[in-house]
>>> print(open('target18.cif').read())   # mmCIF, C-alpha atoms
data_query
loop_
_atom_site.label_atom_id
_atom_site.label_comp_id
_atom_site.auth_asym_id
_atom_site.auth_seq_id
_atom_site.Cartn_x
_atom_site.Cartn_y
_atom_site.Cartn_z
CA MET A 10 -17.15 125.14 -19.07
CA SER A 11 -13.44 125.95 -19.12
CA GLN A 12 -11.41 125.29 -22.26
CA GLN A 13 -8.20 123.31 -22.21
CA ILE A 14 -5.20 125.52 -22.89
CA PRO A 15 -3.55 124.25 -26.09
CA ASP A 16 0.01 122.98 -26.14
CA VAL A 17 2.25 124.93 -28.51
CA LEU A 18 5.75 124.65 -29.90
CA GLN A 19 8.28 127.32 -29.10
CA ASP A 20 9.81 129.09 -32.10
CA HIS A 21 13.08 127.15 -31.88
CA GLU A 22 11.19 123.85 -31.69
CA LEU A 23 9.08 124.78 -34.69
CA ALA A 24 12.19 125.71 -36.65
CA ARG A 25 13.76 122.33 -35.89
CA LEU A 26 10.55 120.53 -36.89
CA LEU A 27 10.37 122.30 -40.25
CA ALA A 28 14.03 121.59 -40.93
CA VAL A 29 13.63 117.79 -40.75
CA PRO A 30 12.28 116.99 -44.27
CA ASN A 31 14.95 116.71 -46.98
CA LEU A 32 14.05 119.26 -49.65
CA THR A 33 16.24 117.55 -52.25
CA THR A 34 13.81 114.60 -52.48
CA PRO A 35 10.23 114.74 -53.84
CA SER A 36 8.73 113.26 -50.67
CA GLY A 37 10.77 115.61 -48.48
CA LEU A 38 9.62 118.66 -50.44
CA ARG A 39 6.01 117.50 -50.27
CA ASN A 40 6.22 116.82 -46.55
CA ARG A 41 7.87 120.16 -45.80
CA CYS A 42 5.00 121.89 -47.62
CA LEU A 43 2.49 119.99 -45.51
CA LEU A 44 4.23 121.12 -42.32
CA GLU A 45 4.55 124.70 -43.58
CA LEU A 46 0.86 125.04 -44.34
CA MET A 47 -0.10 123.85 -40.86
CA ALA A 48 2.60 125.79 -39.00
CA ASN A 49 2.61 129.02 -41.03
CA ALA A 50 -0.94 129.16 -42.39
CA GLY A 51 -2.84 127.41 -39.59
CA LEU A 52 -4.51 124.73 -41.71
CA ARG A 53 -6.27 121.78 -40.12
CA SER A 54 -5.28 118.24 -41.15
CA LYS A 55 -8.41 117.80 -43.24
CA GLU A 56 -7.89 121.16 -44.93
CA VAL A 57 -4.26 120.63 -45.89
CA LEU A 58 -4.88 117.10 -47.18
CA GLY A 59 -7.91 118.29 -49.13
CA ILE A 60 -6.21 121.08 -51.10
CA LYS A 61 -6.89 120.83 -54.84
CA THR A 62 -4.84 122.45 -57.58
CA SER A 63 -7.80 124.76 -58.29
CA ASP A 64 -7.62 126.05 -54.69
CA VAL A 65 -4.24 127.69 -55.33
CA ARG A 66 -4.80 131.18 -56.76
CA GLN A 67 -2.69 134.21 -57.59
CA ASP A 68 -3.71 137.75 -56.67
CA GLY A 69 -0.97 139.83 -58.24
CA GLU A 70 2.23 138.61 -56.60
CA ARG A 71 0.37 137.08 -53.64
CA THR A 72 -0.43 133.38 -53.50
CA LEU A 73 -3.80 132.58 -51.93
CA LEU A 74 -5.62 129.41 -50.97
CA HIS A 75 -9.39 129.37 -51.43
CA LEU A 76 -10.68 126.59 -49.19
CA SER A 77 -14.20 125.63 -48.18
CA VAL A 78 -14.61 126.07 -44.44
CA THR A 79 -14.93 122.70 -42.67
CA LYS A 80 -18.25 123.71 -41.08
CA GLY A 81 -20.62 125.45 -43.46
CA SER A 82 -20.39 126.47 -47.08
CA LYS A 83 -18.24 129.61 -46.84
CA VAL A 84 -14.91 129.89 -48.62
CA ARG A 85 -11.89 130.71 -46.49
CA ARG A 86 -9.34 132.92 -48.25
CA ILE A 87 -5.85 132.25 -46.91
CA PRO A 88 -2.91 134.45 -47.97
CA LEU A 89 0.45 132.68 -47.80
CA SER A 90 3.77 134.16 -46.76
CA SER A 91 6.36 134.47 -49.52
CA ASP A 92 8.44 131.61 -48.08
CA THR A 93 5.47 129.25 -47.80
CA ALA A 94 4.24 130.23 -51.26
CA SER A 95 7.69 129.58 -52.74
CA LEU A 96 7.82 126.09 -51.23
CA LEU A 97 4.34 125.33 -52.50
CA SER A 98 5.34 126.49 -55.99
CA LEU A 99 8.39 124.24 -55.88
CA TRP A 100 6.25 121.26 -54.90
CA LEU A 101 3.67 121.97 -57.63
CA ALA A 102 6.49 122.15 -60.18
CA LYS A 103 8.02 118.91 -58.90
CA ARG A 104 4.60 117.26 -58.96
CA LYS A 105 4.20 118.26 -62.61
CA GLU A 106 7.72 117.03 -63.36
CA LEU A 107 6.79 113.64 -61.88
CA GLY A 108 3.85 113.43 -64.28
CA ILE A 109 1.16 113.68 -61.59
CA ALA A 110 -1.94 115.19 -63.13
CA GLY A 111 -4.59 114.58 -60.48
CA LYS A 112 -6.41 117.28 -58.55
CA ASN A 113 -4.94 116.52 -55.13
CA VAL A 114 -1.99 118.82 -54.38
CA PHE A 115 -0.65 116.52 -51.67
CA CYS A 116 -0.64 112.98 -52.93
CA THR A 117 1.30 109.76 -53.20
CA ILE A 118 4.30 109.76 -55.52
CA SER A 119 5.25 106.07 -55.50
CA THR A 120 3.97 102.86 -57.04
CA GLY A 121 3.60 99.41 -55.51
CA ARG A 122 1.95 98.35 -52.29
CA ARG A 123 1.34 100.61 -49.32
CA SER A 124 3.88 100.08 -46.55
CA SER A 125 2.70 102.51 -43.88
CA TYR A 126 -0.46 104.65 -43.78
CA PHE A 127 -0.01 106.10 -47.26
CA ALA A 128 -3.28 106.04 -49.16
CA GLU A 129 -6.80 104.88 -48.49
CA ASP A 130 -6.17 101.44 -50.01
CA ALA A 131 -3.23 99.09 -50.35
CA ASP A 132 -2.56 99.74 -54.04
CA LEU A 133 -0.11 102.62 -54.30
CA GLN A 134 0.22 104.80 -57.37
CA PRO A 135 1.07 108.48 -57.95
CA GLY A 136 -1.70 111.00 -57.43
CA LYS A 137 -3.74 109.27 -54.73
CA PRO A 138 -4.78 111.41 -51.73
CA LEU A 139 -2.68 110.94 -48.63
CA ASN A 140 -4.18 109.28 -45.57
CA SER A 141 -4.69 111.37 -42.41
CA ARG A 142 -2.91 108.62 -40.47
CA TYR A 143 0.13 109.16 -42.65
CA LEU A 144 0.07 112.87 -41.81
CA ARG A 145 -0.11 112.16 -38.08
CA GLU A 146 2.76 109.69 -38.33
CA LEU A 147 4.79 112.15 -40.41
CA VAL A 148 4.43 114.96 -37.87
CA SER A 149 5.17 112.63 -34.97
CA ARG A 150 8.26 111.22 -36.71
CA CYS A 151 9.56 114.70 -37.55
CA GLY A 152 9.01 115.74 -33.93
CA ARG A 153 11.15 112.86 -32.71
CA LYS A 154 13.89 113.61 -35.24
CA ALA A 155 13.80 117.27 -34.21
CA GLY A 156 14.47 116.25 -30.61
CA ILE A 157 11.20 117.65 -29.26
CA GLY A 158 10.64 115.83 -26.00
CA ARG A 159 6.85 115.60 -26.06
CA ARG A 160 4.08 114.44 -28.36
CA VAL A 161 3.96 116.37 -31.62
CA HIS A 162 0.80 116.13 -33.73
CA PRO A 163 -0.69 118.10 -36.65
CA HIS A 164 -2.93 120.29 -34.49
CA ILE A 165 0.00 121.48 -32.38
CA CYS A 166 1.27 123.18 -35.55
CA ARG A 167 -2.05 125.02 -35.88
CA HIS A 168 -1.98 125.97 -32.18
CA SER A 169 1.57 127.29 -32.57
CA PHE A 170 0.60 129.33 -35.63
CA ALA A 171 -2.35 130.90 -33.81
CA THR A 172 -0.22 131.84 -30.81
CA ARG A 173 2.54 133.35 -32.97
CA LEU A 174 0.02 135.32 -35.02
CA LEU A 175 -1.69 136.63 -31.89
CA ARG A 176 1.60 138.06 -30.64
CA HIS A 177 1.79 140.21 -33.78
CA SER A 178 -1.88 141.07 -34.36
CA ASN A 179 -5.16 140.71 -32.45
CA VAL A 180 -7.72 138.06 -31.64
CA ARG A 181 -10.05 139.05 -34.49
CA VAL A 182 -7.27 138.56 -37.05
CA VAL A 183 -6.50 135.15 -35.56
CA GLN A 184 -10.20 134.23 -35.66
CA ALA A 185 -10.33 135.01 -39.38
CA ALA A 186 -7.06 133.18 -40.08
CA LEU A 187 -8.24 130.02 -38.33
CA GLY A 188 -11.74 130.10 -39.78
CA HIS A 189 -13.45 130.11 -36.38
CA ALA A 190 -17.15 130.92 -36.53
CA SER A 191 -17.13 131.98 -32.88
CA LEU A 192 -14.64 134.26 -31.17
CA THR A 193 -14.91 132.04 -28.10
CA SER A 194 -12.97 129.31 -29.92
CA THR A 195 -10.14 131.76 -30.60
CA GLN A 196 -9.94 133.29 -27.14
CA VAL A 197 -8.34 130.14 -25.72
CA TYR A 198 -5.06 131.37 -27.22
CA LEU A 199 -5.22 134.46 -25.01
CA HIS A 200 -4.70 132.13 -22.03
CA VAL A 201 -1.44 130.91 -23.57
CA LEU A 202 -0.17 134.48 -23.77
CA ASN A 203 -1.43 135.20 -20.24
CA ASP A 204 0.62 132.25 -18.96
CA GLU A 205 3.69 133.62 -20.75
CA LEU A 206 3.05 137.05 -19.24
CA THR A 207 2.73 135.58 -15.73
CA GLU A 208 5.94 133.57 -16.13
CA ALA A 209 7.85 136.58 -17.47
CA MET A 210 6.67 138.98 -14.77
CA THR A 211 7.08 136.65 -11.81
CA THR A 212 10.63 135.68 -12.82
CA LEU A 213 11.80 139.18 -13.78
CA PRO A 214 14.77 140.08 -11.55
CA SER A 215 14.46 143.26 -9.54
CA PRO A 216 16.82 146.07 -10.63
CA ALA A 217 17.93 146.26 -7.02
CA ALA A 218 18.70 142.54 -6.76
CA GLY A 219 22.11 141.97 -5.31
CA ASN A 220 22.48 145.55 -4.09
CA GLY A 221 21.55 144.68 -0.52
CA LYS A 222 21.39 147.84 1.58
CA ASN A 223 23.73 149.79 -0.68
CA GLY A 224 20.92 151.49 -2.61
CA SER A 225 20.49 155.24 -2.35
CA GLY A 226 16.95 154.94 -0.97
CA THR A 227 15.77 157.89 -3.07
CA ASN A 228 12.92 157.82 -5.56
#
>>> encode(input="target18.cif", output="structure tokens")
Amino acid sequence: MSQQIPDVLQDHELARLLAVPNLTTPSGLRNRCLLELMANAGLRSKEVLGIKTSDVRQDGERTLLHLSVTKGSKVRRIPLSSDTASLLSLWLAKRKELGIAGKNVFCTISTGRRSSYFAEDADLQPGKPLNSRYLRELVSRCGRKAGIGRRVHPHICRHSFATRLLRHSNVRVVQAALGHASLTSTQVYLHVLNDELTEAMTTLPSPAAGNGKNGSGTN
């Protein structure tokens, strides 16, 4: 059975998406970190929302996430880029400054009643886990504000990460980064690159284009 080729964001679209949250506000910093971990570390929605403070580790100067794989009992070790790690550190510091002491890294920061897909119940207080519906609405809203003219959802960030990583490494590295048990699940991203190769080669102008019959004819 053929696999559906995943939709991905181009680099300039991804940059615009990540630039939407306002880093000067607590919610903006939190939301930017959520986007970063999906777009630059390939986390699934469930994984990013489920990160606990104990999952964030240091290995020398490198920040790592130690997450349980969604299927099975293995632990997935995810190294973060320096930029993503710095943003995460800023959010953890802001979270501490706000007096949030719960285990959930990504959580509510307000009090009152839920207005739109925030937590699992209507009562809103700092430290409650965010709702997956909130994450979907966040990514969709940021996509609209970024001027991306198609549906943007959390998994498109993961697809985009996988495609970008594959351009700079190999399919086995991408498999490990995504936590795929089977290489077959990862190979779908090869089709994305094949489409790019076909487009590039079939639209590449000939060196002789525009020369007409004025070429030397030698080889």
>>> closest_residue(input="target18.cif", among="A:Pro163, A:Gly108, A:Gly69, A:Gly51", to="Glu146 (chain A)", atoms="only C-alpha atoms")
A:Pro163
>>> closest_residue(input="target18.cif", among="A:Ser98, A:Ser169, A:Ser149, A:Thr62", to="Leu23 (chain A)", atoms="only C-alpha atoms")
A:Ser169
>>> closest_residue(input="target18.cif", among="A:Arg145, A:Lys61, A:His177, A:His75", to="Asn40 (chain A)", atoms="all atoms listed in the file")
A:Arg145
>>> residues_around(input="target18.cif", residues="Trp100 (chain A)", least_positions_apart="5", cutoff="9 Å", atoms="all atoms listed in the file", output="list in words")
Pro35, Leu38, Arg39, Cys42, Ser95, Lys105, Val114 and Phe115 of chain A
>>> resolve_selection(input="target18.cif", expression="the PyMOL selection byres ((chain A and resi 119) around 6)", output="JSON, numbers by chain")
{"A": [117, 118, 120, 134, 135]}
>>> closest_atom_pairs(input="target18.cif", of="region 99-187 of chain A", to="region 54-59 of chain A", cutoff="12 Å", atoms="all atoms listed in the file", output="JSON lines")
{"residue": "A:Lys112", "atom": "CA", "partner": "A:Gly59", "partner_atom": "CA", "distance": 9.6}
{"residue": "A:Asn113", "atom": "CA", "partner": "A:Gly59", "partner_atom": "CA", "distance": 6.9}
{"residue": "A:Val114", "atom": "CA", "partner": "A:Gly59", "partner_atom": "CA", "distance": 7.9}
{"residue": "A:Phe115", "atom": "CA", "partner": "A:Leu58", "partner_atom": "CA", "distance": 6.2}
{"residue": "A:Cys116", "atom": "CA", "partner": "A:Leu58", "partner_atom": "CA", "distance": 8.2}
{"residue": "A:Thr117", "atom": "CA", "partner": "A:Leu58", "partner_atom": "CA", "distance": 11.3}
{"residue": "A:Ala128", "atom": "CA", "partner": "A:Leu58", "partner_atom": "CA", "distance": 11.3}
{"residue": "A:Lys137", "atom": "CA", "partner": "A:Leu58", "partner_atom": "CA", "distance": 10.9}
{"residue": "A:Pro138", "atom": "CA", "partner": "A:Leu58", "partner_atom": "CA", "distance": 7.3}
{"residue": "A:Leu139", "atom": "CA", "partner": "A:Leu58", "partner_atom": "CA", "distance": 6.7}
{"residue": "A:Asn140", "atom": "CA", "partner": "A:Leu58", "partner_atom": "CA", "distance": 8.0}
{"residue": "A:Ser141", "atom": "CA", "partner": "A:Ser54", "partner_atom": "CA", "distance": 7.0}
{"residue": "A:Arg142", "atom": "CA", "partner": "A:Ser54", "partner_atom": "CA", "distance": 9.9}
{"residue": "A:Tyr143", "atom": "CA", "partner": "A:Leu58", "partner_atom": "CA", "distance": 10.4}
{"residue": "A:Leu144", "atom": "CA", "partner": "A:Ser54", "partner_atom": "CA", "distance": 7.6}
{"residue": "A:Arg145", "atom": "CA", "partner": "A:Ser54", "partner_atom": "CA", "distance": 8.6}
{"residue": "A:Leu147", "atom": "CA", "partner": "A:Ser54", "partner_atom": "CA", "distance": 11.8}
{"residue": "A:Val148", "atom": "CA", "partner": "A:Ser54", "partner_atom": "CA", "distance": 10.8}
{"residue": "A:His162", "atom": "CA", "partner": "A:Ser54", "partner_atom": "CA", "distance": 9.8}
{"residue": "A:Pro163", "atom": "CA", "partner": "A:Ser54", "partner_atom": "CA", "distance": 6.4}
{"residue": "A:His164", "atom": "CA", "partner": "A:Ser54", "partner_atom": "CA", "distance": 7.4}
{"residue": "A:Ile165", "atom": "CA", "partner": "A:Ser54", "partner_atom": "CA", "distance": 10.7}
{"residue": "A:Cys166", "atom": "CA", "partner": "A:Ser54", "partner_atom": "CA", "distance": 9.9}
{"residue": "A:Arg167", "atom": "CA", "partner": "A:Ser54", "partner_atom": "CA", "distance": 9.2}
{"residue": "A:Leu187", "atom": "CA", "partner": "A:Glu56", "partner_atom": "CA", "distance": 11.1}
>>> atom_distance(input="target18.cif", atom1="CA of Leu74 (chain A)", atom2="CA of Leu192 (chain A)")
22.3 Å
>>> residues_around(input="target18.cif", residues="Pro88 (chain A)", least_positions_apart="3", cutoff="10 Å", atoms="only C-alpha atoms", output="mmCIF file with C-alpha atoms, in the frame of the given file")
data_model
loop_
_atom_site.group_PDB
_atom_site.id
_atom_site.type_symbol
_atom_site.label_atom_id
_atom_site.label_comp_id
_atom_site.auth_asym_id
_atom_site.auth_seq_id
_atom_site.Cartn_x
_atom_site.Cartn_y
_atom_site.Cartn_z
ATOM 1 C CA ALA A 50 -0.940 129.160 -42.390
ATOM 2 C CA ARG A 66 -4.800 131.180 -56.760
ATOM 3 C CA GLN A 67 -2.690 134.210 -57.590
ATOM 4 C CA ASP A 68 -3.710 137.750 -56.670
ATOM 5 C CA ARG A 71 0.370 137.080 -53.640
ATOM 6 C CA THR A 72 -0.430 133.380 -53.500
ATOM 7 C CA LEU A 73 -3.800 132.580 -51.930
ATOM 8 C CA LEU A 74 -5.620 129.410 -50.970
ATOM 9 C CA HIS A 75 -9.390 129.370 -51.430
ATOM 10 C CA ARG A 85 -11.890 130.710 -46.490
ATOM 11 C CA SER A 91 6.360 134.470 -49.520
ATOM 12 C CA THR A 93 5.470 129.250 -47.800
ATOM 13 C CA ALA A 94 4.240 130.230 -51.260
ATOM 14 C CA ALA A 186 -7.060 133.180 -40.080
#
>>> closest_residue(input="target18.cif", among="A:Arg181, A:Lys103, A:His168, A:Arg153", to="Thr33 (chain A)", atoms="only C-alpha atoms")
A:Lys103
>>> resolve_selection(input="target18.cif", expression="the PyMOL selection byres ((chain A and resi 151) around 9)", output="PyMOL selection string")
chain A and resi 25-30+146-150+152-157+161
>>> atom_distance(input="target18.cif", atom1="CA of Val201 (chain A)", atom2="CA of Thr172 (chain A)")
7.4 Å
>>> atom_distance(input="target18.cif", atom1="CA of Ala185 (chain A)", atom2="CA of Leu101 (chain A)")
26.4 Å
>>> residues_around(input="target18.cif", residues="Gly188 (chain A)", least_positions_apart="4", cutoff="12 Å", atoms="only C-alpha atoms", output="list in words")
Ala50, Gly51, Leu52, Arg53, Glu56, His75, Leu76, Ser77, Val78, Thr79, Lys80, Gly81, Ser82, Lys83, Val84, Arg85, Arg86, Ile87, Arg167, Ala171, Arg181, Val182, Val183, Gln184, Leu192, Ser194 and Thr195 of chain A
>>> build_atoms(input="target18.cif", residues="region 84-117 of chain A", atoms="N, CA and C atoms", output="compact mmCIF listing (two decimals), in the frame of the given file")
# COMPACT_ATOMS: atom_id res chain seq x y z
N VAL A 84 -16.27 130.11 -48.11
CA VAL A 84 -14.91 129.89 -48.62
C VAL A 84 -13.94 130.70 -47.78
N ARG A 85 -12.91 130.05 -47.30
CA ARG A 85 -11.89 130.71 -46.49
C ARG A 85 -10.73 131.11 -47.40
N ARG A 86 -10.40 132.37 -47.41
CA ARG A 86 -9.34 132.92 -48.25
C ARG A 86 -8.08 133.06 -47.41
N ILE A 87 -7.04 132.32 -47.75
CA ILE A 87 -5.85 132.25 -46.91
C ILE A 87 -4.63 132.77 -47.67
N PRO A 88 -4.13 133.96 -47.33
CA PRO A 88 -2.91 134.45 -47.97
C PRO A 88 -1.69 133.73 -47.39
N LEU A 89 -0.75 133.38 -48.25
CA LEU A 89 0.45 132.68 -47.80
C LEU A 89 1.64 133.63 -47.76
N SER A 90 2.53 133.40 -46.80
CA SER A 90 3.77 134.16 -46.76
C SER A 90 4.60 133.83 -47.99
N SER A 91 5.55 134.69 -48.32
CA SER A 91 6.36 134.47 -49.52
C SER A 91 7.16 133.17 -49.43
N ASP A 92 7.67 132.84 -48.23
CA ASP A 92 8.44 131.61 -48.08
C ASP A 92 7.57 130.37 -48.28
N THR A 93 6.38 130.39 -47.66
CA THR A 93 5.47 129.25 -47.80
C THR A 93 4.99 129.13 -49.24
N ALA A 94 4.68 130.25 -49.87
CA ALA A 94 4.24 130.23 -51.26
C ALA A 94 5.33 129.70 -52.19
N SER A 95 6.58 130.06 -51.92
CA SER A 95 7.69 129.58 -52.74
C SER A 95 7.85 128.07 -52.64
N LEU A 96 7.73 127.54 -51.42
CA LEU A 96 7.82 126.09 -51.23
C LEU A 96 6.68 125.38 -51.94
N LEU A 97 5.49 125.94 -51.84
CA LEU A 97 4.34 125.33 -52.50
C LEU A 97 4.53 125.32 -54.01
N SER A 98 5.08 126.42 -54.55
CA SER A 98 5.34 126.49 -55.99
C SER A 98 6.36 125.44 -56.41
N LEU A 99 7.38 125.25 -55.58
CA LEU A 99 8.39 124.24 -55.88
C LEU A 99 7.77 122.84 -55.90
N TRP A 100 6.89 122.57 -54.94
CA TRP A 100 6.25 121.26 -54.90
C TRP A 100 5.33 121.06 -56.11
N LEU A 101 4.55 122.08 -56.47
CA LEU A 101 3.67 121.97 -57.63
C LEU A 101 4.47 121.73 -58.91
N ALA A 102 5.63 122.37 -59.01
CA ALA A 102 6.49 122.15 -60.18
C ALA A 102 7.06 120.74 -60.17
N LYS A 103 7.48 120.26 -59.01
CA LYS A 103 8.02 118.91 -58.90
C LYS A 103 6.92 117.89 -59.21
N ARG A 104 5.74 118.15 -58.72
CA ARG A 104 4.60 117.26 -58.96
C ARG A 104 4.33 117.13 -60.46
N LYS A 105 4.40 118.26 -61.16
CA LYS A 105 4.20 118.26 -62.61
C LYS A 105 5.33 117.50 -63.30
N GLU A 106 6.55 117.71 -62.81
CA GLU A 106 7.72 117.03 -63.36
C GLU A 106 7.61 115.51 -63.21
N LEU A 107 6.97 115.07 -62.12
CA LEU A 107 6.79 113.64 -61.88
C LEU A 107 5.65 113.06 -62.70
N GLY A 108 4.94 113.91 -63.44
CA GLY A 108 3.85 113.43 -64.28
C GLY A 108 2.55 113.21 -63.55
N ILE A 109 2.39 113.83 -62.37
CA ILE A 109 1.16 113.68 -61.59
C ILE A 109 0.16 114.74 -62.05
N ALA A 110 -0.98 114.27 -62.55
CA ALA A 110 -1.94 115.19 -63.13
C ALA A 110 -3.25 115.26 -62.37
N GLY A 111 -3.35 114.57 -61.25
CA GLY A 111 -4.59 114.58 -60.48
C GLY A 111 -4.85 115.91 -59.81
N LYS A 112 -6.01 116.02 -59.18
CA LYS A 112 -6.41 117.28 -58.55
C LYS A 112 -5.83 117.48 -57.16
N ASN A 113 -5.42 116.40 -56.51
CA ASN A 113 -4.94 116.52 -55.13
C ASN A 113 -3.51 117.07 -55.11
N VAL A 114 -3.33 118.23 -54.45
CA VAL A 114 -1.99 118.82 -54.38
C VAL A 114 -1.04 117.92 -53.62
N PHE A 115 -1.51 117.39 -52.49
CA PHE A 115 -0.65 116.52 -51.67
C PHE A 115 -1.10 115.08 -51.86
N CYS A 116 -0.25 114.31 -52.49
CA CYS A 116 -0.64 112.98 -52.93
C CYS A 116 0.54 112.02 -52.87
N THR A 117 0.24 110.77 -53.12
CA THR A 117 1.30 109.76 -53.20
C THR A 117 2.14 110.00 -54.45
